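Presented below is the structure to which this report refers.
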Amino acid sequence: MWRWLHPYAKAEASYRLLSRLLPWFACSAVVTLLISLVWGLAFAPADYQQGDSYRIIYIHVPAAIWSMGAYFGMAIMALIALVWQIRTASWAIAAIAPVGAAMTAIALLTGAIWGKPMWGTWWEWDARLTSELILFFLYVGVLALYFAFDDQKAGAKAAAILAIVGVINLPIIHFSVEWWNTLHQGATITKFGRPSIANDMLWPLLLSILAFALVTATLIIMRLRNEMLFNEIHRPWAQAELGVNPPVAVSQQETR
Amino acid sequence: MAFSDWQAFIHMGGYGLYVWSAFALSFLILALLTCYTLWTQRRLKRLATQLQQRQQRLAKRRQQEVNTP
C-alpha cells in the first residue's frame, strides 16, 4: 500500500517532486496572502472594543498557528530521521527550523505591537507569551545543534532528539490560556462549539491562516531543495540541477 | 469597505502606527528569509562550479604525471 512512497527516500526523486510542486505552492501563497490581507485590512469591519488595532490578528494568529504547526512537522521528520534513518528527513529538520523560527518571531513581534495599545505593555512574562518565546529558543537550539558538529550525522541526530523532546511545549502553548491566568485571551476558533467571532471577521482570518500555511510550505520546499542539492553536490544529478555538466570520465580513458 | 477614504485607511482609527509597523515587520522577516534562501541557491551553483573546476584540474595533473616518463 505504501510502496509508492519508497522511491522518494532517494533525494533525486523527492527533489523532482518538490520542483514540480514549488510553482503551485508559491503562486497560491502569494495570491491568497494578498487577498486575505487586503480583505482583513480594508474590508473587514472594525472591532467594537479594539477598533482598528485588532487587524493585526490577520498576521498574528496565522503566524502563531504555523509556528506550532511547523514545529510539529519538524518533530515528525526528526522521528522519521531517528527511527528509519531517512537522510531526507534529517535535512528537513534543517529546512523547517528557520521557517518556524521566522513564524515564531512574527507572532511574538506582532503580539508585542498589538499588546502595547491594548494591554498597555509590550511584554509580560505570562504563560502564553513565555511558552511561545521558549518555542523560538527551541527552534534556535535545534538549528545550533544541527550545525554544531563536524560530523553532520551526529549534528542531525542531536537536533532530532531536541526537536522531539521540545514537542512537550506545543500543548503547553495551546492550553496555557486555560491552565494559567494570563493576559492573553482564550481560544476563539480552535475550541469546541461555534467560533466566538463574527463571520465578517472570521472568513478573512481563515483565508489568512490558509495563506500562511502556503507561505510556510513554499519556504520549506525551497529550503529543502537547497539542503538536498548541498548534501548531494558530489552526485551527477545534483550537479546537473545546478547547471554544471557532470564530468564524463574522458580524461581517464585517454590516460589508458 | 470599512474606511471612507485613503487617509482613514492609513490612520486606522488612531492605531495606524501599530497596525502598519506590525505588517511591515512581518513582511520584512518573510522577505529576508526568502532572499537568504535564494542567495543560498546561487551560492550552491558557485560551489558546484568550483568543485567541477577542481576536479578537472586534478584530472589534468594526473594525466600529465602519467604522460611524463
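A note on labels: chains of the C-alpha cells are A, B, ... as shown, every chain counts residues from 1, and ligands are counted from 1 in their shown order.
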Return the neighbours of chain B among the residues of chain A, cut-off 6 Å, counting only C-alpha atoms, as an NGL selection string. :A and (42-43 or 45 or 52-53 or 56 or 106 or 110 or 113 or 242 or 255)
Those same residues - all heavy atoms - I'd like them written as a tab-separated table (two decimals), in the first residue's frame.
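Result file follows (result.tsv):
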chain	number	residue	atom	x	y	z
A	42	ALA	N	-8.82	46.15	4.86
A	42	ALA	CA	-9.67	47.21	4.32
A	42	ALA	C	-11.16	46.89	4.36
A	42	ALA	O	-11.97	47.80	4.48
A	42	ALA	CB	-9.25	47.49	2.87
A	43	PHE	N	-11.53	45.60	4.28
A	43	PHE	CA	-12.95	45.29	4.11
A	43	PHE	C	-13.62	44.71	5.34
A	43	PHE	O	-14.82	44.85	5.50
A	43	PHE	CB	-13.12	44.34	2.91
A	43	PHE	CG	-12.80	44.99	1.61
A	43	PHE	CD1	-11.53	44.88	1.06
A	43	PHE	CD2	-13.76	45.74	0.94
A	43	PHE	CE1	-11.23	45.50	-0.14
A	43	PHE	CE2	-13.46	46.36	-0.27
A	43	PHE	CZ	-12.19	46.25	-0.80
A	45	PRO	N	-14.97	44.51	9.07
A	45	PRO	CA	-15.42	45.61	9.93
A	45	PRO	C	-14.48	45.82	11.12
A	45	PRO	O	-13.76	44.90	11.51
A	45	PRO	CB	-16.80	45.14	10.41
A	45	PRO	CG	-16.74	43.66	10.33
A	45	PRO	CD	-15.85	43.34	9.17
A	52	ASP	N	-9.64	49.57	15.14
A	52	ASP	CA	-8.91	49.00	14.00
A	52	ASP	C	-7.63	48.30	14.41
A	52	ASP	O	-6.99	47.66	13.58
A	52	ASP	CB	-8.58	50.12	13.00
A	52	ASP	CG	-9.84	50.57	12.27
A	52	ASP	OD1	-10.58	49.69	11.80
A	52	ASP	OD2	-10.09	51.79	12.18
A	53	SER	N	-7.26	48.40	15.69
A	53	SER	CA	-5.99	47.77	16.10
A	53	SER	C	-6.07	46.26	15.99
A	53	SER	O	-5.06	45.59	15.82
A	53	SER	CB	-5.66	48.15	17.54
A	53	SER	OG	-6.48	47.43	18.43
A	56	ILE	N	-4.34	43.50	13.36
A	56	ILE	CA	-3.07	42.76	13.49
A	56	ILE	C	-3.36	41.26	13.57
A	56	ILE	O	-2.50	40.44	13.26
A	56	ILE	CB	-2.30	43.28	14.72
A	56	ILE	CG1	-1.88	44.74	14.49
A	56	ILE	CG2	-1.07	42.45	15.01
A	56	ILE	CD1	-1.24	45.39	15.69
A	106	ILE	N	7.54	36.42	14.03
A	106	ILE	CA	6.43	37.27	13.58
A	106	ILE	C	5.32	37.29	14.63
A	106	ILE	O	4.79	38.34	15.00
A	106	ILE	CB	5.89	36.78	12.23
A	106	ILE	CG1	6.91	37.03	11.12
A	106	ILE	CG2	4.57	37.47	11.88
A	106	ILE	CD1	6.50	36.48	9.78
A	110	THR	N	4.46	40.83	16.38
A	110	THR	CA	3.15	41.43	16.15
A	110	THR	C	2.33	41.40	17.45
A	110	THR	O	1.53	42.30	17.70
A	110	THR	CB	2.37	40.70	15.05
A	110	THR	OG1	2.28	39.31	15.38
A	110	THR	CG2	3.04	40.84	13.71
A	113	ILE	N	3.45	44.35	19.44
A	113	ILE	CA	2.93	45.61	18.87
A	113	ILE	C	1.43	45.75	19.14
A	113	ILE	O	0.91	46.84	19.33
A	113	ILE	CB	3.24	45.66	17.35
A	113	ILE	CG1	4.75	45.74	17.14
A	113	ILE	CG2	2.55	46.83	16.69
A	113	ILE	CD1	5.17	45.58	15.70
A	242	LEU	N	22.31	21.95	-10.81
A	242	LEU	CA	22.98	23.21	-10.52
A	242	LEU	C	23.62	23.80	-11.77
A	242	LEU	O	24.38	24.77	-11.69
A	242	LEU	CB	24.04	23.01	-9.43
A	242	LEU	CG	23.46	22.81	-8.03
A	242	LEU	CD1	24.52	22.31	-7.08
A	242	LEU	CD2	22.88	24.12	-7.51
A	255	THR	N	44.07	8.47	-20.59
A	255	THR	CA	45.34	8.12	-19.98
A	255	THR	C	45.66	6.64	-20.14
A	255	THR	O	46.81	6.24	-20.01
A	255	THR	CB	45.33	8.44	-18.48
A	255	THR	OG1	44.20	7.79	-17.91
A	255	THR	CG2	45.26	9.93	-18.25
As a compact mmCIF listing (two decimals) with C-alpha atoms, in the first residue's frame, please: the residues near segment 132-140 of chain A (cut-off 10 Å, only C-alpha atoms, same-chain neighbours under 4 positions excluded).
# COMPACT_ATOMS: atom_id res chain seq x y z
CA ALA A 64 1.31 31.73 15.72
CA SER A 67 4.89 28.44 14.27
CA MET A 68 3.42 25.47 16.15
CA TYR A 71 7.34 22.58 14.85
CA MET A 74 9.75 19.17 12.17
CA ILE A 93 14.86 19.42 10.15
CA ALA A 94 17.38 21.99 8.93
CA ILE A 96 11.95 23.66 8.59
CA ALA A 97 13.65 25.19 11.65
CA PRO A 98 14.45 28.66 10.17
CA VAL A 99 10.95 28.95 8.68
CA GLY A 100 9.36 28.01 12.01
CA ALA A 101 11.64 30.44 13.81
CA ALA A 102 10.57 33.22 11.42
CA MET A 103 6.88 32.44 12.07
CA THR A 104 7.50 32.46 15.82
CA ALA A 105 9.33 35.78 15.56
CA ALA A 107 3.92 36.01 16.16
CA LEU A 108 5.97 37.44 19.05
CA TRP A 125 6.06 37.26 31.46
CA ALA A 127 2.25 31.76 30.35
CA ARG A 128 1.27 32.19 26.68
CA ALA A 144 22.52 25.39 16.57
CA LEU A 145 22.79 21.67 17.41
CA TYR A 146 22.35 20.68 13.78
CA ALA A 159 18.96 18.18 16.71
CA LEU A 162 15.92 18.07 20.92
CA ALA A 163 13.12 18.58 18.37
CA VAL A 165 11.69 16.46 23.35
CA GLY A 166 10.51 20.01 22.59
CA VAL A 167 7.10 18.77 21.39
CA ASN A 169 5.96 22.69 24.64
CA LEU A 170 3.18 22.59 22.00
CA ILE A 172 1.68 23.95 26.91
CA ILE A 173 1.40 26.85 24.44
CA HIS A 174 -2.07 25.84 23.32
CA SER A 176 -1.60 27.98 28.58
Mind checking which residues fall within 10 Å of segment 79-89 of chain A, counting only C-alpha atoms, ignoring those fewer than 3 positions away in the same chain, and posting them as a ChimeraX atom specification? /A:8-11,14-15,73-76,92-95,153,156-158,160-161,163-164,224,227-228,231
